[in-house]
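Below is the file start_31.pdb, which contains PDB, C-alpha atoms and all ligand atoms.
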```pdb
ATOM      1  CA  MET A   1    -143.168-155.312  90.704
ATOM      2  CA  LEU A   2    -146.923-155.591  91.140
ATOM      3  CA  ASP A   3    -149.041-156.500  88.166
ATOM      4  CA  GLY A   4    -150.945-153.894  86.217
ATOM      5  CA  THR A   5    -149.097-150.857  87.599
ATOM      6  CA  ASN A   6    -147.841-148.087  85.391
ATOM      7  CA  MET A   7    -144.444-146.559  86.162
ATOM      8  CA  ASP A   8    -145.889-143.110  85.452
ATOM      9  CA  THR A   9    -147.960-143.687  88.556
ATOM     10  CA  ALA A  10    -146.285-142.710  91.820
ATOM     11  CA  ALA A  11    -148.967-144.347  93.933
ATOM     12  CA  SER A  12    -152.054-146.307  93.178
ATOM     13  CA  LEU A  13    -155.036-147.229  95.326
ATOM     14  CA  LYS A  14    -157.534-149.766  94.138
ATOM     15  CA  ARG A  15    -160.744-149.995  96.140
ATOM     16  CA  ALA A  16    -158.690-149.442  99.277
ATOM     17  CA  SER A  17    -160.515-149.409 102.595
ATOM     18  CA  VAL A  18    -159.284-148.825 106.132
ATOM     19  CA  ARG A  19    -161.320-149.926 109.101
ATOM     20  CA  PHE A  20    -160.549-149.242 112.743
ATOM     21  CA  GLY A  21    -162.800-151.728 114.553
ATOM     22  CA  SER A  22    -166.340-150.813 113.595
ATOM     23  CA  LEU A  23    -165.291-147.428 112.148
ATOM     24  CA  THR A  24    -164.664-147.223 108.417
ATOM     25  CA  ALA A  25    -162.131-144.431 107.988
ATOM     26  CA  LEU A  26    -161.725-144.944 104.218
ATOM     27  CA  GLN A  27    -164.011-146.875 101.936
ATOM     28  CA  ASP A  28    -163.251-148.152  98.448
ATOM     29  CA  VAL A  29    -160.840-145.406  97.478
ATOM     30  CA  SER A  30    -159.472-145.817  93.944
ATOM     31  CA  LEU A  31    -156.942-143.233  92.892
ATOM     32  CA  ASP A  32    -153.860-143.069  90.672
ATOM     33  CA  ILE A  33    -151.278-140.485  91.680
ATOM     34  CA  GLU A  34    -149.427-139.275  88.594
ATOM     35  CA  SER A  35    -145.653-139.233  88.874
ATOM     36  CA  GLY A  36    -144.164-135.779  89.347
ATOM     37  CA  ALA A  37    -147.472-134.051  90.055
ATOM     38  CA  PHE A  38    -148.432-131.943  93.075
ATOM     39  CA  TYR A  39    -151.647-133.166  94.701
ATOM     40  CA  THR A  40    -153.371-131.426  97.554
ATOM     41  CA  ILE A  41    -155.949-133.231  99.682
ATOM     42  CA  LEU A  42    -158.986-131.480 101.126
ATOM     43  CA  GLY A  43    -162.030-132.685 103.016
ATOM     44  CA  PRO A  44    -163.991-132.149 106.216
ATOM     45  CA  SER A  45    -162.465-133.018 109.573
ATOM     46  CA  GLY A  46    -162.303-136.767 110.134
ATOM     47  CA  CYS A  47    -162.854-137.720 106.472
ATOM     48  CA  GLY A  48    -159.636-139.745 106.357
ATOM     49  CA  LYS A  49    -157.024-137.381 104.884
ATOM     50  CA  SER A  50    -154.283-138.416 107.328
ATOM     51  CA  THR A  51    -155.403-142.028 107.074
ATOM     52  CA  LEU A  52    -154.878-141.859 103.311
ATOM     53  CA  LEU A  53    -151.276-140.657 103.763
ATOM     54  CA  ARG A  54    -150.618-143.224 106.483
ATOM     55  CA  LEU A  55    -151.960-145.943 104.210
ATOM     56  CA  VAL A  56    -149.692-144.954 101.326
ATOM     57  CA  SER A  57    -146.687-144.693 103.673
ATOM     58  CA  ASP A  58    -147.170-148.167 105.173
ATOM     59  CA  LEU A  59    -147.925-146.798 108.649
ATOM     60  CA  ILE A  60    -151.261-148.642 108.567
ATOM     61  CA  PRO A  61    -152.402-151.553 106.406
ATOM     62  CA  ALA A  62    -155.384-151.585 104.052
ATOM     63  CA  SER A  63    -158.270-153.621 105.481
ATOM     64  CA  SER A  64    -159.204-154.471 101.900
ATOM     65  CA  GLY A  65    -158.193-153.404  98.410
ATOM     66  CA  GLU A  66    -154.691-152.694  97.115
ATOM     67  CA  VAL A  67    -152.153-149.928  97.528
ATOM     68  CA  SER A  68    -148.883-149.671  95.625
ATOM     69  CA  VAL A  69    -146.113-147.095  95.478
ATOM     70  CA  LEU A  70    -144.002-146.925  92.316
ATOM     71  CA  GLY A  71    -145.109-150.404  91.395
ATOM     72  CA  LYS A  72    -144.055-151.846  94.755
ATOM     73  CA  THR A  73    -145.981-152.822  97.844
ATOM     74  CA  THR A  74    -146.013-150.047 100.430
ATOM     75  CA  GLU A  75    -143.649-152.081 102.607
ATOM     76  CA  GLN A  76    -141.146-152.569  99.763
ATOM     77  CA  ALA A  77    -141.392-148.866  98.944
ATOM     78  CA  ARG A  78    -140.778-147.929 102.597
ATOM     79  CA  LEU A  79    -137.736-150.188 102.838
ATOM     80  CA  ALA A  80    -136.401-148.737  99.571
ATOM     81  CA  ARG A  81    -136.892-145.204 100.967
ATOM     82  CA  GLU A  82    -139.090-144.308  97.994
ATOM     83  CA  PHE A  83    -141.114-141.854 100.059
ATOM     84  CA  ALA A  84    -140.707-139.512 103.005
ATOM     85  CA  PHE A  85    -143.215-138.002 105.417
ATOM     86  CA  VAL A  86    -143.442-134.448 106.770
ATOM     87  CA  PHE A  87    -145.830-133.968 109.702
ATOM     88  CA  GLN A  88    -147.473-130.833 111.106
ATOM     89  CA  ASP A  89    -144.919-130.886 113.903
ATOM     90  CA  ALA A  90    -141.318-130.869 112.674
ATOM     91  CA  THR A  91    -140.405-133.753 115.064
ATOM     92  CA  LEU A  92    -136.726-132.798 115.202
ATOM     93  CA  LEU A  93    -134.377-134.272 117.781
ATOM     94  CA  PRO A  94    -133.858-131.338 120.192
ATOM     95  CA  TRP A  95    -130.233-132.177 121.034
ATOM     96  CA  ARG A  96    -129.091-132.345 117.416
ATOM     97  CA  SER A  97    -128.253-129.338 115.257
ATOM     98  CA  ALA A  98    -130.239-128.557 112.104
ATOM     99  CA  LEU A  99    -127.533-130.237 110.011
ATOM    100  CA  LYS A 100    -127.347-133.293 112.275
ATOM    101  CA  ASN A 101    -131.142-133.656 112.073
ATOM    102  CA  VAL A 102    -131.000-133.616 108.272
ATOM    103  CA  GLU A 103    -128.194-136.189 108.335
ATOM    104  CA  LEU A 104    -130.119-138.544 110.615
ATOM    105  CA  PRO A 105    -131.891-140.671 107.951
ATOM    106  CA  LEU A 106    -128.525-141.259 106.250
ATOM    107  CA  GLU A 107    -126.947-142.346 109.553
ATOM    108  CA  ILE A 108    -129.833-144.679 110.333
ATOM    109  CA  GLY A 109    -129.639-146.128 106.832
ATOM    110  CA  ARG A 110    -125.891-146.722 107.148
ATOM    111  CA  SER A 111    -126.200-148.331 110.590
ATOM    112  CA  ARG A 112    -128.734-150.788 109.182
ATOM    113  CA  GLY A 113    -126.576-151.491 106.164
ATOM    114  CA  ILE A 114    -129.257-150.140 103.846
ATOM    115  CA  GLN A 115    -128.087-149.088 100.425
ATOM    116  CA  LEU A 116    -129.310-145.536 100.028
ATOM    117  CA  PRO A 117    -129.474-143.665  96.738
ATOM    118  CA  VAL A 118    -126.407-141.553  96.137
ATOM    119  CA  GLY A 119    -127.789-138.098  96.796
ATOM    120  CA  THR A 120    -127.056-135.346  94.322
ATOM    121  CA  ARG A 121    -127.476-132.918  97.215
ATOM    122  CA  THR A 122    -125.666-133.146 100.528
ATOM    123  CA  PRO A 123    -127.501-132.338 103.792
ATOM    124  CA  ARG A 124    -125.711-128.969 103.767
ATOM    125  CA  GLU A 125    -126.947-128.235 100.247
ATOM    126  CA  LEU A 126    -130.465-129.232 101.224
ATOM    127  CA  LEU A 127    -130.406-126.763 104.104
ATOM    128  CA  GLU A 128    -129.359-124.142 101.590
ATOM    129  CA  LEU A 129    -132.189-125.218  99.285
ATOM    130  CA  VAL A 130    -134.727-124.574 102.054
ATOM    131  CA  GLY A 131    -133.154-121.197 102.812
ATOM    132  CA  LEU A 132    -131.259-122.114 105.970
ATOM    133  CA  LYS A 133    -127.689-121.524 104.868
ATOM    134  CA  GLY A 134    -125.748-120.269 107.874
ATOM    135  CA  ARG A 135    -128.060-121.962 110.415
ATOM    136  CA  GLU A 136    -126.577-125.462 110.074
ATOM    137  CA  ASN A 137    -125.341-125.535 113.669
ATOM    138  CA  ALA A 138    -128.462-124.082 115.295
ATOM    139  CA  LEU A 139    -130.382-126.314 117.676
ATOM    140  CA  PRO A 140    -134.142-126.712 117.052
ATOM    141  CA  HIS A 141    -135.063-124.445 120.013
ATOM    142  CA  GLU A 142    -132.952-121.687 118.465
ATOM    143  CA  LEU A 143    -135.051-121.773 115.263
ATOM    144  CA  SER A 144    -138.526-120.405 114.542
ATOM    145  CA  GLY A 145    -141.452-122.745 113.818
ATOM    146  CA  GLY A 146    -141.142-122.068 110.091
ATOM    147  CA  MET A 147    -137.398-122.744 110.163
ATOM    148  CA  ARG A 148    -137.905-126.009 112.049
ATOM    149  CA  GLN A 149    -140.416-127.071 109.431
ATOM    150  CA  ARG A 150    -137.907-126.258 106.702
ATOM    151  CA  VAL A 151    -135.332-128.458 108.472
ATOM    152  CA  ALA A 152    -137.954-131.241 108.480
ATOM    153  CA  ILE A 153    -138.446-130.776 104.724
ATOM    154  CA  ALA A 154    -134.679-130.897 104.115
ATOM    155  CA  ARG A 155    -134.504-134.068 106.219
ATOM    156  CA  ALA A 156    -137.352-135.590 104.199
ATOM    157  CA  LEU A 157    -135.471-134.868 100.963
ATOM    158  CA  VAL A 158    -132.141-136.339 102.062
ATOM    159  CA  CYS A 159    -132.863-139.835 100.728
ATOM    160  CA  GLN A 160    -134.146-138.381  97.432
ATOM    161  CA  PRO A 161    -137.703-139.651  97.843
ATOM    162  CA  LYS A 162    -139.756-139.965  94.691
ATOM    163  CA  LEU A 163    -142.857-139.281  96.733
ATOM    164  CA  LEU A 164    -143.207-136.702  99.486
ATOM    165  CA  LEU A 165    -146.175-137.075 101.850
ATOM    166  CA  MET A 166    -146.998-133.916 103.765
ATOM    167  CA  ASP A 167    -149.671-133.820 106.471
ATOM    168  CA  GLU A 168    -150.610-130.183 107.114
ATOM    169  CA  PRO A 169    -146.938-129.209 107.319
ATOM    170  CA  PHE A 170    -147.650-125.469 107.546
ATOM    171  CA  GLY A 171    -150.881-125.672 109.542
ATOM    172  CA  ALA A 172    -149.370-124.209 112.710
ATOM    173  CA  LEU A 173    -147.583-121.299 111.030
ATOM    174  CA  ASP A 174    -148.629-117.670 110.617
ATOM    175  CA  GLU A 175    -149.957-116.587 107.241
ATOM    176  CA  MET A 176    -146.853-114.786 106.000
ATOM    177  CA  THR A 177    -144.550-117.652 106.894
ATOM    178  CA  ARG A 178    -146.976-120.063 105.280
ATOM    179  CA  ASP A 179    -147.003-118.007 102.060
ATOM    180  CA  ARG A 180    -143.215-117.980 101.968
ATOM    181  CA  LEU A 181    -142.963-121.698 102.582
ATOM    182  CA  ASN A 182    -145.631-122.407  99.958
ATOM    183  CA  LEU A 183    -143.535-120.614  97.351
ATOM    184  CA  GLN A 184    -140.379-122.338  98.523
ATOM    185  CA  LEU A 185    -142.054-125.733  98.416
ATOM    186  CA  LEU A 186    -143.167-125.125  94.827
ATOM    187  CA  ASP A 187    -139.550-124.270  93.906
ATOM    188  CA  ILE A 188    -138.338-127.459  95.595
ATOM    189  CA  TRP A 189    -141.016-129.489  93.840
ATOM    190  CA  ARG A 190    -139.982-128.106  90.450
ATOM    191  CA  GLU A 191    -136.280-128.624  91.140
ATOM    192  CA  THR A 192    -136.487-132.156  92.516
ATOM    193  CA  GLY A 193    -139.305-133.479  90.330
ATOM    194  CA  THR A 194    -140.691-135.355  93.330
ATOM    195  CA  THR A 195    -144.384-136.217  93.499
ATOM    196  CA  ILE A 196    -146.126-134.464  96.397
ATOM    197  CA  LEU A 197    -149.248-135.437  98.319
ATOM    198  CA  PHE A 198    -150.102-132.539 100.618
ATOM    199  CA  VAL A 199    -152.949-132.508 103.161
ATOM    200  CA  THR A 200    -154.390-129.126 104.105
ATOM    201  CA  HIS A 201    -157.481-127.585 105.680
ATOM    202  CA  SER A 202    -157.073-124.422 103.648
ATOM    203  CA  ILE A 203    -158.952-124.224 100.346
ATOM    204  CA  SER A 204    -156.760-121.369  99.195
ATOM    205  CA  GLU A 205    -153.554-123.289  99.992
ATOM    206  CA  ALA A 206    -154.933-126.350  98.191
ATOM    207  CA  VAL A 207    -155.627-124.303  95.038
ATOM    208  CA  PHE A 208    -152.376-122.372  95.233
ATOM    209  CA  LEU A 209    -150.152-125.455  95.510
ATOM    210  CA  GLY A 210    -152.067-128.171  93.747
ATOM    211  CA  GLN A 211    -152.142-129.222  90.155
ATOM    212  CA  LYS A 212    -154.906-131.508  91.330
ATOM    213  CA  VAL A 213    -157.073-131.254  94.417
ATOM    214  CA  VAL A 214    -158.293-134.554  95.842
ATOM    215  CA  MET A 215    -161.577-133.967  97.679
ATOM    216  CA  LEU A 216    -162.591-136.560 100.253
ATOM    217  CA  GLN A 217    -165.983-136.790 101.881
ATOM    218  CA  ALA A 218    -166.783-138.021 105.369
ATOM    219  CA  HIS A 219    -168.819-140.813 107.010
ATOM    220  CA  PRO A 220    -167.347-142.948 105.688
ATOM    221  CA  GLY A 221    -164.273-141.381 104.088
ATOM    222  CA  ARG A 222    -164.578-141.686 100.324
ATOM    223  CA  LEU A 223    -163.134-140.066  97.255
ATOM    224  CA  ARG A 224    -165.512-137.345  96.157
ATOM    225  CA  ASP A 225    -163.689-135.740  93.250
ATOM    226  CA  VAL A 226    -160.288-134.892  91.787
ATOM    227  CA  VAL A 227    -160.329-131.305  90.568
ATOM    228  CA  GLU A 228    -157.658-130.199  88.117
ATOM    229  CA  ILE A 229    -156.327-126.705  88.783
ATOM    230  CA  LYS A 230    -155.368-125.110  85.507
ATOM    231  CA  LEU A 231    -153.563-122.027  86.765
ATOM    232  CA  PRO A 232    -150.372-120.921  85.025
ATOM    233  CA  ASP A 233    -147.021-122.010  86.409
ATOM    234  CA  PRO A 234    -145.054-120.787  88.242
ATOM    235  CA  ARG A 235    -147.692-119.736  90.727
ATOM    236  CA  THR A 236    -147.343-116.321  92.322
ATOM    237  CA  ILE A 237    -148.892-114.853  95.465
ATOM    238  CA  LYS A 238    -150.589-112.193  93.314
ATOM    239  CA  MET A 239    -152.386-114.929  91.418
ATOM    240  CA  ARG A 240    -154.611-115.370  94.458
ATOM    241  CA  ASP A 241    -156.314-112.076  93.593
ATOM    242  CA  THR A 242    -157.387-113.242  90.133
ATOM    243  CA  PRO A 243    -161.002-114.198  89.323
ATOM    244  CA  GLU A 244    -159.783-117.585  88.063
ATOM    245  CA  PHE A 245    -158.162-118.425  91.406
ATOM    246  CA  ASN A 246    -161.243-117.327  93.305
ATOM    247  CA  GLN A 247    -163.511-119.350  91.040
ATOM    248  CA  TYR A 248    -161.584-122.512  91.946
ATOM    249  CA  CYS A 249    -161.821-121.609  95.650
ATOM    250  CA  GLY A 250    -165.562-120.971  95.341
ATOM    251  CA  TYR A 251    -166.120-124.234  93.498
ATOM    252  CA  LEU A 252    -164.200-126.218  96.127
ATOM    253  CA  ARG A 253    -165.941-124.401  98.978
ATOM    254  CA  ASP A 254    -169.342-125.387  97.554
ATOM    255  CA  LEU A 255    -168.150-128.955  97.023
ATOM    256  CA  LEU A 256    -166.775-129.135 100.582
ATOM    257  CA  GLU A 257    -170.126-128.070 101.984
ATOM    258  CA  THR A 258    -171.712-131.152 100.470
ATOM    259  CA  CYS A 259    -169.015-133.528 101.818
TER
HETATM  260  N1  LIG B   1    -155.604-145.282 114.957
HETATM  261  C1  LIG B   1    -156.901-145.045 114.915
HETATM  262  N2  LIG B   1    -157.768-145.763 115.624
HETATM  263  C2  LIG B   1    -159.099-145.550 115.578
HETATM  264  N3  LIG B   1    -159.684-144.594 114.805
HETATM  265  C3  LIG B   1    -158.856-143.831 114.065
HETATM  266  C4  LIG B   1    -157.438-144.005 114.072
HETATM  267  N4  LIG B   1    -156.883-143.087 113.219
HETATM  268  C5  LIG B   1    -157.914-142.378 112.708
HETATM  269  N5  LIG B   1    -159.088-142.821 113.214
HETATM  270  C6  LIG B   1    -160.415-142.323 112.867
HETATM  271  O1  LIG B   1    -160.509-142.376 111.439
HETATM  272  C7  LIG B   1    -161.218-141.228 110.951
HETATM  273  C8  LIG B   1    -160.337-140.482 109.963
HETATM  274  O2  LIG B   1    -159.274-139.884 110.683
HETATM  275  P1  LIG B   1    -158.165-138.970 109.968
HETATM  276  O3  LIG B   1    -157.218-138.516 111.018
HETATM  277  O4  LIG B   1    -157.632-139.698 108.808
HETATM  278  O5  LIG B   1    -159.063-137.759 109.441
HETATM  279  P2  LIG B   1    -158.616-136.355 108.848
HETATM  280  O6  LIG B   1    -159.452-136.117 107.652
HETATM  281  O7  LIG B   1    -157.143-136.322 108.671
HETATM  282  O8  LIG B   1    -159.058-135.413 110.035
HETATM  283  P3  LIG B   1    -158.634-133.896 110.411
HETATM  284  O9  LIG B   1    -158.975-133.057 109.219
HETATM  285  O10 LIG B   1    -159.500-133.569 111.590
HETATM  286  O11 LIG B   1    -157.163-133.905 110.738
HETATM  287  C9  LIG B   1    -161.601-140.406 112.174
HETATM  288  O12 LIG B   1    -162.927-140.751 112.536
HETATM  289  C10 LIG B   1    -160.618-140.862 113.231
HETATM  290  O13 LIG B   1    -161.176-140.740 114.513
END
```

Go ahead and express the file in the form of structure tokens.
Amino acid sequence: MLDGTNMDTAASLKRASVRFGSLTALQDVSLDIESGAFYTILGPSGCGKSTLLRLVSDLIPASSGEVSVLGKTTEQARLAREFAFVFQDATLLPWRSALKNVELPLEIGRSRGIQLPVGTRTPRELLELVGLKGRENALPHELSGGMRQRVAIARALVCQPKLLLMDEPFGALDEMTRDRLNLQLLDIWRETGTTILFVTHSISEAVFLGQKVVMLQAHPGRLRDVVEIKLPDPRTIKMRDTPEFNQYCGYLRDLLETC
């Protein structure tokens, strides 16, 4: 356990910076991610949104400052399977069925002798949770883009992560599919109680999903603001037509223009 970390904090960054050679991708970012909350991350292209997720998930080290996940170092948290990552591309193994893809992290864990948490949901149940009951045996090429992404979400949930890191997971999908998956993701979030950090380019998606929107600014990437979204829960698609929703979007749009 690291000193000075609060267990109500899923992840904590203290003056964290990431440099790639002479380029500073993130500079002095300090941020506490509240356990169980849904955070969306917005900012102009190249401001370090993906870098922030990669830093938290131990894919890249901090050049300076500190990063912890659930009171552990990012490496300890990765080894303990405390978090899972969902990318824009579903990255499924093409020769394995949907079910076999979801089972993969469990198989890898077993083969390495890693003690995994006893899941309350089996891979089959997770596929049902993401609305893919009956498609367990389908191969990735037999599924639509939205379905493949749902398999990737089920796979990410199989080790019961306390933190789910999502990098534009619905960016490549059409609007209707994205709406459906947004609603489904909110259901999953409520049911599992997992903390979510979700990168998006869409202001409306950020407001719709997020309890808090983290706004980053570019050159160098820095934390600009954390905006609390006080819309009633559960969120509904119709809510996007309300003046309140549009006020948040307008506020964030203005803020983004100055980032
Ligand atoms: N491995 C790397 N090596 C060198 N530079 C990198 C590396 N990864 C990211 N960068 C640079 O760091 C900066 C932040 O990149 P990052 O991908 O985090 O931005 P982003 O906000 O996610 O961008 P976008 O919205 O366009 O996806 C960019 O200038 C990028 O070119």

With only C-alpha atoms and all ligand atoms as the atoms that count, which of A:Gln160, A:Ser204, A:Gln217, A:Ser144 lies nearest to ligand LIG 1 (chain B)?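 Answer, going by the shortest atom-to-atom distance: A:Gln217.
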
On this structure, the PyMOL selection byres (((chain A and resi 94-98) around 8) and not hetatm) would catch which residues? List them as a list in words, sorted by chain and number.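 Here the PyMOL selection byres (((chain A and resi 94-98) around 8) and not hetatm) matches Leu92, Leu93, Leu99, Lys100, Asn101, Val102, Arg135, Glu136, Asn137, Ala138, Leu139, Pro140, His141 and Val151 of chain A.
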
Would you please work out which residue, of A:Val227, A:Leu173, A:Val158, A:Leu26, is nearest to Ala90 in chain A when using all atoms listed in the file?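 Ranked by minimum distance to Ala90 in chain A, first place goes to A:Leu173.
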
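Interatomic distance, CA of Phe170 in chain A against CA of Leu127 in chain A: 17.6 Å.
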
Show which residues sit within 9 Å of range 196-203 of chain A, as a compact mmCIF listing (two decimals) with C-alpha atoms, keeping the file's coordinate frame. Count only C-alpha atoms, and ignore same-chain residues fewer than 4 positions away.
```
# COMPACT_ATOMS: atom_id res chain seq x y z
CA ILE A 33 -151.28 -140.49 91.68
CA SER A 35 -145.65 -139.23 88.87
CA GLY A 36 -144.16 -135.78 89.35
CA ALA A 37 -147.47 -134.05 90.06
CA PHE A 38 -148.43 -131.94 93.08
CA TYR A 39 -151.65 -133.17 94.70
CA THR A 40 -153.37 -131.43 97.55
CA ILE A 41 -155.95 -133.23 99.68
CA LEU A 42 -158.99 -131.48 101.13
CA GLY A 43 -162.03 -132.68 103.02
CA PRO A 44 -163.99 -132.15 106.22
CA SER A 45 -162.46 -133.02 109.57
CA LYS A 49 -157.02 -137.38 104.88
CA SER A 50 -154.28 -138.42 107.33
CA LEU A 53 -151.28 -140.66 103.76
CA LYS A 162 -139.76 -139.96 94.69
CA LEU A 163 -142.86 -139.28 96.73
CA LEU A 164 -143.21 -136.70 99.49
CA LEU A 165 -146.18 -137.07 101.85
CA MET A 166 -147.00 -133.92 103.76
CA ASP A 167 -149.67 -133.82 106.47
CA GLU A 168 -150.61 -130.18 107.11
CA PRO A 169 -146.94 -129.21 107.32
CA PHE A 170 -147.65 -125.47 107.55
CA GLY A 171 -150.88 -125.67 109.54
CA TRP A 189 -141.02 -129.49 93.84
CA VAL A 207 -155.63 -124.30 95.04
CA PHE A 208 -152.38 -122.37 95.23
CA LEU A 209 -150.15 -125.46 95.51
CA GLY A 210 -152.07 -128.17 93.75
CA TYR A 248 -161.58 -122.51 91.95
CA CYS A 249 -161.82 -121.61 95.65
CA GLY A 250 -165.56 -120.97 95.34
CA LEU A 252 -164.20 -126.22 96.13
CA ARG A 253 -165.94 -124.40 98.98
```

Just give me the gap between CA of Tyr251 in chain A and CA of Ala172 in chain A in Å, one decimal is fine.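 If I compute the distance from CA of Tyr251 in chain A to CA of Ala172 in chain A, I get 25.5 Å.
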
Using all atoms listed in the file, find the one residue out of A:Ser30, A:Thr51, A:Thr258, A:Thr24 that sits nearest to ligand LIG 1 (chain B). A:Thr51

Using all atoms listed in the file: which of A:Pro105, A:Gly221, A:Gly48, A:Pro232 has the shortest distance to ligand LIG 1 (chain B):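 Going through A:Pro105, A:Gly221, A:Gly48, A:Pro232 one by one, the smallest distance to ligand LIG 1 (chain B) is for A:Gly48.
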
Shortest contact to Thr73 in chain A, candidates A:Thr236, A:Asp241, A:Gly109, A:Ala10, atoms counted all atoms listed in the file, goes to A:Ala10

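With distances restricted to only C-alpha atoms and all ligand atoms, A:His219 is the closest residue to ligand LIG 1 (chain B) from A:His219, A:Arg190, A:Arg110, A:Arg121.
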
Put the listed atoms of ligand LIG 1 (chain B) in a box along x, y and z with 4 Å added on every side and give me the centre and edge lengths in Å to one decimal, as lines of an AutoDock Vina configuration file.
```
center_x = -159.3
center_y = -139.4
center_z = 111.6
size_x = 15.3
size_y = 20.7
size_z = 16.0
```

Find the distance between CA of Ile188 in chain A and CA of Ala206 in chain A and write it in Å to one decimal. 16.8 Å

Evaluate the PyMOL selection byres (((chain A and resi 185) around 10) and not hetatm) and record the selected residues as a compact mmCIF listing (two decimals) with C-alpha atoms, in the frame of the given file, following the chain and residue labels used in the document.
```txt
# COMPACT_ATOMS: atom_id res chain seq x y z
CA LEU A 129 -132.19 -125.22 99.28
CA VAL A 130 -134.73 -124.57 102.05
CA ARG A 150 -137.91 -126.26 106.70
CA ILE A 153 -138.45 -130.78 104.72
CA ASP A 179 -147.00 -118.01 102.06
CA ARG A 180 -143.22 -117.98 101.97
CA LEU A 181 -142.96 -121.70 102.58
CA ASN A 182 -145.63 -122.41 99.96
CA LEU A 183 -143.54 -120.61 97.35
CA GLN A 184 -140.38 -122.34 98.52
CA LEU A 186 -143.17 -125.12 94.83
CA ASP A 187 -139.55 -124.27 93.91
CA ILE A 188 -138.34 -127.46 95.60
CA TRP A 189 -141.02 -129.49 93.84
CA ARG A 190 -139.98 -128.11 90.45
CA GLU A 191 -136.28 -128.62 91.14
CA ILE A 196 -146.13 -134.46 96.40
CA LEU A 209 -150.15 -125.46 95.51
```

Please rebuild range 241-255 of chain A with N, CA and C atoms and return the result as a short mmCIF file (atom, residue, chain, number, x, y, z; two decimals), keeping the file's coordinate frame.
```
data_model
loop_
_atom_site.label_atom_id
_atom_site.label_comp_id
_atom_site.auth_asym_id
_atom_site.auth_seq_id
_atom_site.Cartn_x
_atom_site.Cartn_y
_atom_site.Cartn_z
N ASP A 241 -155.33 -113.15 93.75
CA ASP A 241 -156.31 -112.08 93.59
C ASP A 241 -157.07 -112.18 92.27
N THR A 242 -156.74 -113.18 91.45
CA THR A 242 -157.39 -113.24 90.13
C THR A 242 -158.75 -113.92 90.23
N PRO A 243 -159.68 -113.56 89.32
CA PRO A 243 -161.00 -114.20 89.32
C PRO A 243 -160.90 -115.71 89.14
N GLU A 244 -159.95 -116.15 88.32
CA GLU A 244 -159.78 -117.58 88.06
C GLU A 244 -159.50 -118.34 89.37
N PHE A 245 -158.54 -117.79 90.14
CA PHE A 245 -158.16 -118.42 91.41
C PHE A 245 -159.38 -118.50 92.33
N ASN A 246 -160.10 -117.38 92.39
CA ASN A 246 -161.24 -117.33 93.30
C ASN A 246 -162.40 -118.20 92.85
N GLN A 247 -162.48 -118.42 91.54
CA GLN A 247 -163.51 -119.35 91.04
C GLN A 247 -163.23 -120.78 91.52
N TYR A 248 -161.94 -121.17 91.45
CA TYR A 248 -161.58 -122.51 91.95
C TYR A 248 -161.91 -122.62 93.43
N CYS A 249 -161.56 -121.57 94.20
CA CYS A 249 -161.82 -121.61 95.65
C CYS A 249 -163.32 -121.73 95.91
N GLY A 250 -164.10 -120.96 95.16
CA GLY A 250 -165.56 -120.97 95.34
C GLY A 250 -166.13 -122.34 95.01
N TYR A 251 -165.63 -122.91 93.92
CA TYR A 251 -166.12 -124.23 93.50
C TYR A 251 -165.83 -125.28 94.59
N LEU A 252 -164.59 -125.23 95.11
CA LEU A 252 -164.20 -126.22 96.13
C LEU A 252 -164.94 -125.99 97.44
N ARG A 253 -165.21 -124.71 97.75
CA ARG A 253 -165.94 -124.40 98.98
C ARG A 253 -167.36 -125.00 98.90
N ASP A 254 -167.99 -124.83 97.74
CA ASP A 254 -169.34 -125.39 97.55
C ASP A 254 -169.31 -126.91 97.64
N LEU A 255 -168.27 -127.50 97.02
CA LEU A 255 -168.15 -128.96 97.02
C LEU A 255 -167.95 -129.46 98.46
#
```
